Amino acid sequence: MPWFVWLLTAAALGAAEFFTLTLVFGLLAGAALVAAVVAGFGIGILGQLVALGAAAAAGLLIVRPVALRHMAEQPLTREGSDALIGKRAEVMQEVTATRGLIKLSGEEWSARALDESLVIPVGALVDVMEIDGAKAVVYPRELLP
């Protein structure tokens with residue numbers, strides 16, 4: 001089998017991986033590239049198939065599980081507004097269910113209370129529970145368990 005047929009096969013498998021994102025077709029495309037290299041050295045069809053099978057098995061049995069585990073891990077650092085979740089802030093203007101102002105990491109942020117029945121007074125310490133657009137959703141520290 002000529003090496004360019006293996007390259008076409010690898011390209012087709014690579015395109016399939018692009019649309020499915022399963023990590024299977026991409027690894028099979030890599031195995032087809034290995035078969036293309038073997039074919040380029042003039043080794044017969046049996047050697048090409050053995051190379052294809054060995055590369056595919058190594059990819060699917062070794063590389064794919066490691067890649068899937070790595071993709072499932074959460075990043076060690078949080079960036080942007082996600083980094084503000086869990087931080088302590090001070091109330092600058094009374095915080096209610098709809099409005100308020102806090103000082104968070106040296107900046108003033110619009111805020112609202114997580115519990116709609118709470119009114120958090122000026123000077124109280126709060127924890128940022130989430131960021132909703134440009135507003136920090138907060139809960140008073142003294143009420144936390």
# chains A, B, ... in the order shown; residues from 1 in each chain; ligands from 1
$ residues_around --residues "A:Pro121" --least-positions-apart "5" --cutoff "10 Å" --atoms "only C-alpha atoms" --output "VMD selection string"
chain A and resid 90 to 96 100 140
$ write_last_selection --atoms "N, CA and C atoms" --output "PDB file, in the first residue's frame"
ATOM      1  N   GLU A  90     -15.678  44.054  52.547  1.00  0.00           N
ATOM      2  CA  GLU A  90     -16.310  44.914  53.541  1.00  0.00           C
ATOM      3  C   GLU A  90     -17.427  45.701  52.862  1.00  0.00           C
ATOM      4  N   VAL A  91     -18.560  45.797  53.540  1.00  0.00           N
ATOM      5  CA  VAL A  91     -19.719  46.504  52.993  1.00  0.00           C
ATOM      6  C   VAL A  91     -19.472  48.011  53.107  1.00  0.00           C
ATOM      7  N   MET A  92     -19.575  48.701  51.969  1.00  0.00           N
ATOM      8  CA  MET A  92     -19.387  50.155  51.912  1.00  0.00           C
ATOM      9  C   MET A  92     -20.742  50.878  51.899  1.00  0.00           C
ATOM     10  N   GLN A  93     -21.736  50.251  51.270  1.00  0.00           N
ATOM     11  CA  GLN A  93     -23.114  50.749  51.220  1.00  0.00           C
ATOM     12  C   GLN A  93     -24.007  49.565  51.525  1.00  0.00           C
ATOM     13  N   GLU A  94     -25.059  49.787  52.285  1.00  0.00           N
ATOM     14  CA  GLU A  94     -25.956  48.703  52.681  1.00  0.00           C
ATOM     15  C   GLU A  94     -26.273  47.767  51.508  1.00  0.00           C
ATOM     16  N   VAL A  95     -26.152  46.465  51.759  1.00  0.00           N
ATOM     17  CA  VAL A  95     -26.392  45.457  50.718  1.00  0.00           C
ATOM     18  C   VAL A  95     -27.751  44.813  50.958  1.00  0.00           C
ATOM     19  N   THR A  96     -28.565  44.835  49.917  1.00  0.00           N
ATOM     20  CA  THR A  96     -29.883  44.201  49.969  1.00  0.00           C
ATOM     21  C   THR A  96     -29.952  43.135  48.874  1.00  0.00           C
ATOM     22  N   GLY A 100     -26.200  47.255  46.447  1.00  0.00           N
ATOM     23  CA  GLY A 100     -25.264  47.495  47.520  1.00  0.00           C
ATOM     24  C   GLY A 100     -23.886  47.725  46.950  1.00  0.00           C
ATOM     25  N   PRO A 140     -23.123  37.427  54.718  1.00  0.00           N
ATOM     26  CA  PRO A 140     -22.388  37.925  55.884  1.00  0.00           C
ATOM     27  C   PRO A 140     -21.539  36.822  56.547  1.00  0.00           C
TER      28      PRO A 140
END
$ residues_around --residues "A:Leu49" --least-positions-apart "4" --cutoff "12 Å" --atoms "only C-alpha atoms" --output "list in words"
Met1, Trp6, Ala31, Ala32, Leu33, Val34, Ala35, Ala36, Val37, Val38, Ala39, Ile43, Gly44, Ile45, Gly53, Ala54, Ala55, Ala56 and Ala57 of chain A
$ select_by_dssp --residues "chain A" --states "strand (DSSP E)" --output "short mmCIF file (atom, residue, chain, number, x, y, z; two decimals) with N, CA and C atoms, in the first residue's frame"
data_model
loop_
_atom_site.label_atom_id
_atom_site.label_comp_id
_atom_site.auth_asym_id
_atom_site.auth_seq_id
_atom_site.Cartn_x
_atom_site.Cartn_y
_atom_site.Cartn_z
N ARG A 88 -12.98 37.66 51.17
CA ARG A 88 -13.66 38.48 52.16
C ARG A 88 -13.76 39.91 51.64
N ALA A 89 -14.86 40.58 51.94
CA ALA A 89 -15.06 41.96 51.51
C ALA A 89 -15.72 42.73 52.65
N GLU A 90 -15.68 44.05 52.55
CA GLU A 90 -16.31 44.91 53.54
C GLU A 90 -17.43 45.70 52.86
N VAL A 91 -18.56 45.80 53.54
CA VAL A 91 -19.72 46.50 52.99
C VAL A 91 -19.47 48.01 53.11
N MET A 92 -19.57 48.70 51.97
CA MET A 92 -19.39 50.15 51.91
C MET A 92 -20.74 50.88 51.90
N GLN A 93 -21.74 50.25 51.27
CA GLN A 93 -23.11 50.75 51.22
C GLN A 93 -24.01 49.56 51.53
N LEU A 101 -22.93 48.03 47.83
CA LEU A 101 -21.56 48.31 47.40
C LEU A 101 -20.60 47.71 48.42
N ILE A 102 -19.58 47.01 47.93
CA ILE A 102 -18.58 46.41 48.82
C ILE A 102 -17.19 46.79 48.35
N LYS A 103 -16.22 46.66 49.25
CA LYS A 103 -14.81 46.85 48.90
C LYS A 103 -14.20 45.46 48.87
N LEU A 104 -13.79 45.05 47.67
CA LEU A 104 -13.30 43.70 47.43
C LEU A 104 -11.95 43.78 46.74
N GLU A 107 -10.96 47.16 45.48
CA GLU A 107 -11.82 47.79 44.50
C GLU A 107 -13.26 47.82 45.01
N GLU A 108 -14.00 48.79 44.55
CA GLU A 108 -15.42 48.84 44.89
C GLU A 108 -16.22 48.04 43.87
N TRP A 109 -17.08 47.19 44.38
CA TRP A 109 -17.91 46.33 43.53
C TRP A 109 -19.38 46.53 43.88
N SER A 110 -20.23 46.48 42.87
CA SER A 110 -21.67 46.40 43.11
C SER A 110 -21.93 45.02 43.70
N ALA A 111 -22.91 44.98 44.60
CA ALA A 111 -23.17 43.70 45.27
C ALA A 111 -24.65 43.53 45.53
N ARG A 112 -25.00 42.30 45.77
CA ARG A 112 -26.35 41.97 46.24
C ARG A 112 -26.23 40.80 47.20
N ALA A 113 -27.21 40.66 48.07
CA ALA A 113 -27.19 39.60 49.08
C ALA A 113 -27.63 38.28 48.47
N LEU A 125 -18.52 42.45 57.48
CA LEU A 125 -17.66 41.63 56.63
C LEU A 125 -18.51 40.57 55.96
N VAL A 126 -18.28 40.38 54.66
CA VAL A 126 -19.04 39.41 53.88
C VAL A 126 -18.09 38.52 53.10
N ASP A 127 -18.57 37.37 52.70
CA ASP A 127 -17.85 36.47 51.80
C ASP A 127 -18.51 36.53 50.44
N VAL A 128 -17.69 36.54 49.40
CA VAL A 128 -18.21 36.53 48.04
C VAL A 128 -18.55 35.08 47.69
N MET A 129 -19.81 34.83 47.42
CA MET A 129 -20.28 33.49 47.12
C MET A 129 -20.23 33.19 45.63
N GLU A 130 -20.49 34.21 44.80
CA GLU A 130 -20.41 34.06 43.35
C GLU A 130 -20.33 35.45 42.72
N ILE A 131 -19.99 35.46 41.44
CA ILE A 131 -19.98 36.70 40.67
C ILE A 131 -21.05 36.55 39.60
N ASP A 132 -22.01 37.47 39.61
CA ASP A 132 -23.12 37.44 38.66
C ASP A 132 -22.99 38.66 37.75
N LYS A 135 -21.78 42.01 39.32
CA LYS A 135 -22.19 42.10 40.72
C LYS A 135 -21.65 40.93 41.50
N ALA A 136 -21.18 41.25 42.71
CA ALA A 136 -20.75 40.20 43.63
C ALA A 136 -21.96 39.78 44.46
N VAL A 137 -22.17 38.49 44.57
CA VAL A 137 -23.25 37.96 45.40
C VAL A 137 -22.60 37.57 46.72
N VAL A 138 -23.05 38.20 47.82
CA VAL A 138 -22.35 38.07 49.10
C VAL A 138 -23.25 37.52 50.19
N TYR A 139 -22.58 37.04 51.25
CA TYR A 139 -23.27 36.52 52.44
C TYR A 139 -22.47 36.98 53.65
N PRO A 140 -23.12 37.43 54.72
CA PRO A 140 -22.39 37.92 55.88
C PRO A 140 -21.54 36.82 56.55
#
$ closest_residue --among "A:Met71, A:Glu142, A:Ser81, A:Gly30" --to "A:Leu8" --atoms "only C-alpha atoms"
A:Gly30
$ closest_residue --among "A:Glu17, A:Leu60, A:Ala97, A:Ala29" --to "A:Ser117" --atoms "only C-alpha atoms"
A:Ala97
$ closest_residue --among "A:Val66, A:Ala51, A:Leu28, A:Leu76" --to "A:Ala15" --atoms "only C-alpha atoms"
A:Leu28
$ atom_distance --atom1 "atom CA of A:Leu21" --atom2 "atom CA of A:Thr77"
25.1 Å
$ select_by_dssp --residues "stretch 41-116 of chain A" --states "helix (DSSP H, G or I)" --output "PyMOL selection string"
chain A and resi 45-72+80-84
$ closest_residue --among "A:Val5, A:Leu27, A:Gly106, A:Asp115" --to "A:Ile62" --atoms "only C-alpha atoms"
A:Leu27
$ residues_around --residues "A:Arg64" --least-positions-apart "3" --cutoff "8 Å" --atoms "only C-alpha atoms" --output "list in words"
Leu23, Val24, Leu27, Gly59, Leu60, Leu61, Ala67 and Leu68 of chain A
